[in-house]
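With PDB, C-alpha atoms and all ligand atoms inside, this is start.pdb:
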```pdb
ATOM      1  CA  MET A   1       7.811  31.066  13.364
ATOM      2  CA  ALA A   2      10.580  29.081  15.037
ATOM      3  CA  SER A   3      11.231  25.512  14.065
ATOM      4  CA  ALA A   4      13.553  22.710  15.051
ATOM      5  CA  THR A   5      15.080  19.884  13.067
ATOM      6  CA  TYR A   6      15.328  16.351  14.373
ATOM      7  CA  ASN A   7      17.413  13.494  13.092
ATOM      8  CA  ASN A   8      15.444  10.329  12.480
ATOM      9  CA  VAL A   9      17.132   6.960  12.534
ATOM     10  CA  HIS A  10      15.331   4.136  10.773
ATOM     11  CA  SER A  11      14.816   0.888  12.599
ATOM     12  CA  ASP A  12      17.501  -0.799  10.512
ATOM     13  CA  GLY A  13      19.919   2.031  11.269
ATOM     14  CA  ARG A  14      20.830   2.477   7.594
ATOM     15  CA  GLN A  15      19.256   5.758   6.826
ATOM     16  CA  THR A  16      18.807   9.068   8.502
ATOM     17  CA  ALA A  17      16.394  11.761   7.530
ATOM     18  CA  ARG A  18      15.575  15.168   8.905
ATOM     19  CA  ILE A  19      12.093  16.322   9.746
ATOM     20  CA  ASN A  20      11.263  19.880  10.597
ATOM     21  CA  ILE A  21       8.864  20.369  13.475
ATOM     22  CA  ASP A  22       7.201  23.632  14.227
ATOM     23  CA  VAL A  23       8.197  24.333  17.832
ATOM     24  CA  LEU A  24       5.711  27.094  18.460
ATOM     25  CA  VAL A  25       2.845  24.845  17.472
ATOM     26  CA  LEU A  26       4.048  21.832  19.349
ATOM     27  CA  THR A  27       4.816  23.633  22.582
ATOM     28  CA  ARG A  28       1.118  24.374  22.844
ATOM     29  CA  ILE A  29       0.212  20.764  22.324
ATOM     30  CA  THR A  30      -0.230  18.702  25.437
ATOM     31  CA  SER A  31      -2.102  15.542  24.533
ATOM     32  CA  ILE A  32      -0.839  12.601  22.529
ATOM     33  CA  GLU A  33      -3.900  12.811  20.336
ATOM     34  CA  GLN A  34      -3.098  16.388  19.448
ATOM     35  CA  LYS A  35       0.467  15.425  18.611
ATOM     36  CA  MET A  36      -0.835  12.674  16.365
ATOM     37  CA  GLU A  37      -3.130  15.063  14.566
ATOM     38  CA  GLN A  38      -0.249  17.491  14.092
ATOM     39  CA  LEU A  39       1.911  14.746  12.599
ATOM     40  CA  LYS A  40      -0.834  13.613  10.253
ATOM     41  CA  HIS A  41      -1.452  17.199   9.236
ATOM     42  CA  ASN A  42       2.209  17.722   8.424
ATOM     43  CA  TYR A  43       2.862  14.407   6.716
ATOM     44  CA  THR A  44      -0.387  13.270   5.175
ATOM     45  CA  GLN A  45      -0.011   9.946   3.354
ATOM     46  CA  SER A  46       3.599   9.417   4.318
ATOM     47  CA  LEU A  47       3.640   9.266   8.094
ATOM     48  CA  MET A  48       1.359   7.778  10.663
ATOM     49  CA  TYR A  49       1.564   7.529  14.410
ATOM     50  CA  ILE A  50       1.916   3.988  15.727
ATOM     51  CA  ARG A  51       2.431   4.153  19.446
ATOM     52  CA  CYS A  52       4.478   5.667  22.185
ATOM     53  CA  ILE A  53       7.841   3.999  22.500
ATOM     54  CA  GLU A  54       7.923   1.545  25.368
ATOM     55  CA  ASN A  55       8.658   2.867  28.817
ATOM     56  CA  SER A  56       7.262   6.299  28.202
ATOM     57  CA  SER A  57       4.107   6.844  30.201
ATOM     58  CA  ALA A  58       0.972   7.780  28.322
ATOM     59  CA  SER A  59       0.725  11.210  29.899
ATOM     60  CA  GLU A  60       4.341  12.076  29.159
ATOM     61  CA  CYS A  61       4.762  10.279  25.895
ATOM     62  CA  ASP A  62       7.047  12.292  23.665
ATOM     63  CA  GLN A  63       8.636   9.577  21.581
ATOM     64  CA  PHE A  64       6.900   7.825  18.735
ATOM     65  CA  LEU A  65       7.437   5.120  16.205
ATOM     66  CA  ILE A  66       6.196   6.356  12.882
ATOM     67  CA  GLN A  67       5.453   4.511   9.662
ATOM     68  CA  GLN A  68       7.001   6.065   6.599
ATOM     69  CA  CYS A  69       6.562   5.316   2.897
ATOM     70  CA  PRO A  70       8.774   6.573   0.064
ATOM     71  CA  GLU A  71       7.735   9.671  -1.833
ATOM     72  CA  ARG A  72       4.831   9.067  -4.231
ATOM     73  CA  TRP A  73       3.786   5.961  -2.288
ATOM     74  CA  VAL A  74       0.547   5.849  -0.322
ATOM     75  CA  LEU A  75       0.283   4.598   3.242
ATOM     76  CA  ASN A  76      -2.898   2.680   4.028
ATOM     77  CA  ASN A  77      -3.611   0.307   6.903
ATOM     78  CA  ASN A  78       0.039  -0.404   7.721
ATOM     79  CA  GLN A  79       1.174  -0.973   4.122
ATOM     80  CA  CYS A  80       2.828   1.222   1.481
ATOM     81  CA  TYR A  81       1.404   1.208  -2.062
ATOM     82  CA  PHE A  82       2.766   2.479  -5.366
ATOM     83  CA  PHE A  83       0.281   3.009  -8.193
ATOM     84  CA  SER A  84       2.255   3.236 -11.422
ATOM     85  CA  SER A  85       1.517   5.734 -14.159
ATOM     86  CA  VAL A  86       3.441   3.699 -16.749
ATOM     87  CA  HIS A  87       2.080   0.578 -18.467
ATOM     88  CA  GLU A  88       4.157  -2.625 -18.417
ATOM     89  CA  THR A  89       3.782  -6.379 -18.882
ATOM     90  CA  TRP A  90       2.962  -8.344 -15.724
ATOM     91  CA  GLU A  91       6.479  -9.764 -15.410
ATOM     92  CA  ARG A  92       8.135  -6.416 -16.038
ATOM     93  CA  SER A  93       5.770  -4.851 -13.472
ATOM     94  CA  GLN A  94       6.820  -7.387 -10.833
ATOM     95  CA  ASN A  95      10.487  -6.756 -11.674
ATOM     96  CA  ILE A  96       9.990  -3.028 -11.227
ATOM     97  CA  CYS A  97       8.310  -3.656  -7.867
ATOM     98  CA  LYS A  98      11.277  -5.858  -6.884
ATOM     99  CA  SER A  99      13.628  -3.009  -7.727
ATOM    100  CA  TYR A 100      11.697  -0.991  -5.139
ATOM    101  CA  GLU A 101      12.152  -3.824  -2.591
ATOM    102  CA  ALA A 102       8.441  -4.526  -3.036
ATOM    103  CA  ASP A 103       6.103  -6.953  -4.827
ATOM    104  CA  LEU A 104       2.970  -6.648  -6.887
ATOM    105  CA  VAL A 105       0.118  -6.213  -4.431
ATOM    106  CA  ILE A 106      -1.377  -9.244  -2.641
ATOM    107  CA  ILE A 107      -5.066  -8.837  -1.789
ATOM    108  CA  THR A 108      -6.355 -11.159   0.915
ATOM    109  CA  ASP A 109      -9.442  -9.413   2.280
ATOM    110  CA  SER A 110     -12.295  -7.108   1.304
ATOM    111  CA  THR A 111     -10.877  -4.136   3.216
ATOM    112  CA  LYS A 112      -7.793  -4.119   1.022
ATOM    113  CA  GLN A 113      -9.811  -4.807  -2.129
ATOM    114  CA  ALA A 114     -12.067  -1.866  -1.252
ATOM    115  CA  PHE A 115      -9.058   0.433  -0.855
ATOM    116  CA  ILE A 116      -7.590  -0.727  -4.171
ATOM    117  CA  THR A 117     -10.932  -0.419  -5.959
ATOM    118  CA  LYS A 118     -11.504   3.100  -4.693
ATOM    119  CA  THR A 119      -7.979   4.235  -5.561
ATOM    120  CA  ILE A 120      -7.749   2.874  -9.107
ATOM    121  CA  ALA A 121     -11.233   4.097 -10.042
ATOM    122  CA  ASN A 122     -11.850   1.542 -12.825
ATOM    123  CA  ASP A 123      -8.463   1.884 -14.490
ATOM    124  CA  TYR A 124      -6.741  -1.458 -15.069
ATOM    125  CA  PHE A 125      -3.854  -2.330 -12.709
ATOM    126  CA  TRP A 126      -1.879  -5.580 -12.513
ATOM    127  CA  ILE A 127      -1.992  -7.308  -9.136
ATOM    128  CA  GLY A 128       0.309 -10.068  -7.864
ATOM    129  CA  LEU A 129      -1.861 -13.052  -8.877
ATOM    130  CA  THR A 130      -1.082 -15.599 -11.606
ATOM    131  CA  ASP A 131      -1.810 -19.149 -12.770
ATOM    132  CA  VAL A 132       1.154 -19.237 -15.145
ATOM    133  CA  GLU A 133       2.652 -22.336 -13.475
ATOM    134  CA  GLN A 134      -0.489 -24.464 -13.670
ATOM    135  CA  GLU A 135      -3.757 -23.508 -15.301
ATOM    136  CA  ASN A 136      -6.437 -22.488 -12.797
ATOM    137  CA  GLN A 137      -4.096 -22.933  -9.809
ATOM    138  CA  TRP A 138      -3.986 -19.325  -8.715
ATOM    139  CA  LYS A 139      -1.034 -18.185  -6.647
ATOM    140  CA  TRP A 140       0.103 -14.892  -5.252
ATOM    141  CA  VAL A 141       3.650 -13.671  -5.872
ATOM    142  CA  ASP A 142       4.690 -14.857  -2.400
ATOM    143  CA  GLY A 143       3.640 -18.412  -3.341
ATOM    144  CA  SER A 144       0.464 -18.424  -1.239
ATOM    145  CA  ARG A 145      -2.746 -19.847  -2.650
ATOM    146  CA  LEU A 146      -5.752 -17.722  -3.522
ATOM    147  CA  GLU A 147      -8.327 -17.605  -0.711
ATOM    148  CA  SER A 148     -10.524 -14.495  -0.923
ATOM    149  CA  ARG A 149     -11.635 -14.030  -4.514
ATOM    150  CA  PHE A 150     -12.831 -10.872  -6.195
ATOM    151  CA  TRP A 151     -13.332 -12.094  -9.765
ATOM    152  CA  HIS A 152     -15.707 -10.168 -11.966
ATOM    153  CA  CYS A 153     -18.822 -12.250 -12.650
ATOM    154  CA  ASP A 154     -17.651 -13.625 -16.015
ATOM    155  CA  GLN A 155     -14.045 -14.202 -14.950
ATOM    156  CA  PRO A 156     -11.574 -15.900 -14.932
ATOM    157  CA  ASP A 157     -12.139 -17.222 -18.452
ATOM    158  CA  ASP A 158      -8.602 -17.887 -19.750
ATOM    159  CA  ALA A 159      -9.835 -16.330 -22.963
ATOM    160  CA  PHE A 160      -8.030 -16.764 -26.267
ATOM    161  CA  GLY A 161      -6.241 -19.822 -24.905
ATOM    162  CA  GLY A 162      -4.003 -18.072 -22.465
ATOM    163  CA  GLU A 163      -4.770 -15.563 -19.757
ATOM    164  CA  ASP A 164      -2.573 -16.224 -16.733
ATOM    165  CA  CYS A 165      -2.095 -12.843 -15.046
ATOM    166  CA  VAL A 166      -4.667 -10.799 -13.167
ATOM    167  CA  PHE A 167      -5.583  -7.147 -13.127
ATOM    168  CA  ALA A 168      -8.070  -5.250 -10.975
ATOM    169  CA  GLY A 169     -10.507  -2.592 -12.122
ATOM    170  CA  TYR A 170     -12.416  -4.607 -14.729
ATOM    171  CA  ILE A 171     -16.061  -3.896 -15.539
ATOM    172  CA  GLY A 172     -17.410  -6.467 -17.980
ATOM    173  CA  PRO A 173     -20.704  -7.047 -19.768
ATOM    174  CA  CYS A 174     -22.223  -9.250 -17.051
ATOM    175  CA  THR A 175     -24.078  -7.720 -14.113
ATOM    176  CA  PRO A 176     -22.590  -8.445 -10.678
ATOM    177  CA  GLU A 177     -24.848  -9.808  -7.959
ATOM    178  CA  PRO A 178     -25.857  -7.322  -5.265
ATOM    179  CA  GLY A 179     -23.077  -7.131  -2.699
ATOM    180  CA  GLN A 180     -20.380  -7.941  -5.256
ATOM    181  CA  VAL A 181     -19.403  -4.415  -6.137
ATOM    182  CA  LEU A 182     -15.779  -5.166  -5.240
ATOM    183  CA  ASN A 183     -15.549  -8.011  -7.765
ATOM    184  CA  ASN A 184     -13.387  -6.491 -10.496
ATOM    185  CA  TRP A 185     -10.576  -8.959 -11.196
ATOM    186  CA  ASN A 186      -9.969 -10.315 -14.688
ATOM    187  CA  ASP A 187      -7.354 -12.747 -15.941
ATOM    188  CA  GLU A 188      -5.455 -11.341 -18.909
ATOM    189  CA  ASN A 189      -2.617 -12.182 -21.267
ATOM    190  CA  CYS A 190       0.553 -11.571 -19.234
ATOM    191  CA  ALA A 191       2.243  -9.896 -22.196
ATOM    192  CA  HIS A 192      -0.330  -7.120 -22.315
ATOM    193  CA  VAL A 193       0.752  -3.854 -20.749
ATOM    194  CA  GLN A 194      -1.161  -2.260 -17.879
ATOM    195  CA  GLN A 195      -0.474  -0.039 -14.948
ATOM    196  CA  PHE A 196       0.449  -1.906 -11.780
ATOM    197  CA  ILE A 197       0.399  -1.717  -7.978
ATOM    198  CA  CYS A 198       3.478  -2.410  -5.824
ATOM    199  CA  GLU A 199       3.245  -3.032  -2.101
ATOM    200  CA  LYS A 200       5.701  -3.179   0.780
ATOM    201  CA  LYS A 201       5.955  -2.619   4.508
ATOM    202  CA  PRO A 202       6.592   0.935   5.672
ATOM    203  CA  SER A 203       9.872   1.915   7.286
ATOM    204  CA  LEU A 204       9.684   2.481  11.026
ATOM    205  CA  VAL A 205      11.120   5.791  12.118
ATOM    206  CA  ARG A 206      11.802   6.754  15.729
ATOM    207  CA  MET A 207      10.852  10.304  16.457
ATOM    208  CA  GLN A 208      11.142  12.422  19.549
ATOM    209  CA  LEU A 209       8.941  15.448  19.934
ATOM    210  CA  PRO A 210       9.584  18.477  22.106
ATOM    211  CA  LEU A 211       7.811  18.548  25.466
TER
HETATM  212 CA    CA A 301      -4.922 -19.094 -17.086
HETATM  213 CA    CA A 302     -10.210 -12.942 -18.698
END
```

What's the structure tokens form of this structure?
Ligand SMILES: [Ca+2]
Ligand SMILES: [Ca+2]
Amino acid sequence: MASATYNNVHSDGRQTARINIDVLVLTRITSIEQKMEQLKHNYTQSLMYIRCIENSSASECDQFLIQQCPERWVLNNNQCYFFSSVHETWERSQNICKSYEADLVIITDSTKQAFITKTIANDYFWIGLTDVEQENQWKWVDGSRLESRFWHCDQPDDAFGGEDCVFAGYIGPCTPEPGQVLNNWNDENCAHVQQFICEKKPSLVRMQLPL
């Protein structure tokens, strides 16, 4: 089956990549929706259609901006996520995320918390929340204050005189109220080692498809 290779230039112009497109398949595709499905089929979890590039009419749209995450990262709702397999302290976890041009994950709504909860499946993963600067003044790694809260029902407890970093995935001895199934945060000693979740924006890639 014939195929063609297209150069992709990232929005910042730094990087080029090559993506192979199956010409025989695509020449039979006429609608934008079908093209989207083809892209998702080919690049599950790493690429997602965003929109036709401006100035191309809907019926003739053949250029796309595509979101792309690095290998082993997961794309979900316009963000890239890395779920580590290694266990590190909270600070070391954040430093590793920084080395990926990312941060520990910031969770500001139930949609994101639901995605995280489903993905980690009750394993413990550091998230980007801490009260290390001032006790009980919870801040995200970008300096923003905690708004939506998904503490487990007996948390945070600052147990043993010092728990200032937060992980998700906790199931404790107390029974959550109905409707609080997403509440699985626990404050923990920052020096403990856990897996961790990094987060960053996807790269935008311009792609042109054959007619
Ligand atoms: Ca604390
Ligand atoms: Ca705790």

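Distance annotation: of A:Ser84, A:Ala191, A:Pro178, A:Ile171, the residue with the minimal separation from Phe125 in chain A is A:Ser84; atom set is all atoms listed in the file.
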
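Distances to ligand CA 301 (chain A) were evaluated for A:Lys139, A:His152, A:Arg72, A:Arg92 using all atoms listed in the file, and the minimum falls at A:Lys139.
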
Counting only C-alpha atoms and all ligand atoms, name the residues that have an atom within 9 Å of an atom of ligand CA 302 (chain A); the answer should be given as a ChimeraX atom specification. /A:154-160,162-166,185-189

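Between CA of Tyr170 in chain A and CA of Cys190 in chain A the interatomic distance comes to 15.4 Å.
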
Given the file above and the PyMOL selection byres (((chain A and resi 119) around 12) and not hetatm), which residues are selected, and can you give them as an NGL selection string? :A and (74 or 76 or 81-84 or 112-118 or 120-125 or 168-169 or 197)

CA of Cys174 in chain A sits from CA of Trp126 in chain A at a separation of 21.2 Å

Using only C-alpha atoms and all ligand atoms, which of A:Trp90, A:Phe150, A:Trp73, A:Trp138 sits nearest ligand CA 301 (chain A)?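 Smallest separation from ligand CA 301 (chain A) among the options: A:Trp138.
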
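In this structure, CA of Ile66 in chain A sits 23.9 Å away from CA of Leu104 in chain A.
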
Pick from A:Val132, A:Val86, A:Cys153, A:Val141, whichever lies nearest to ligand CA 301 (chain A) using all atoms listed in the file: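 Once distances to ligand CA 301 (chain A) are computed over all atoms listed in the file, the minimum belongs to A:Val132.
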
Around the point (7.5, -15.2, -3.6), in the coordinates given by the file, pick out the residues reaching within 12 Å, counting all atoms listed in the file, and return them as a PyMOL selection string. chain A and resi 94+98+102-106+128-130+139-145

Using all atoms listed in the file, which residue out of A:Gln137, A:Asn95, A:Glu177, A:Asn184 lies closest to ligand CA 301 (chain A)?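 Answer, going by the shortest atom-to-atom distance: A:Gln137.
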
Tell me which of A:Gln68, A:Gln194, A:Ser203, A:Thr111 sits closest to Ile127 in chain A, counting only C-alpha atoms. A:Gln194
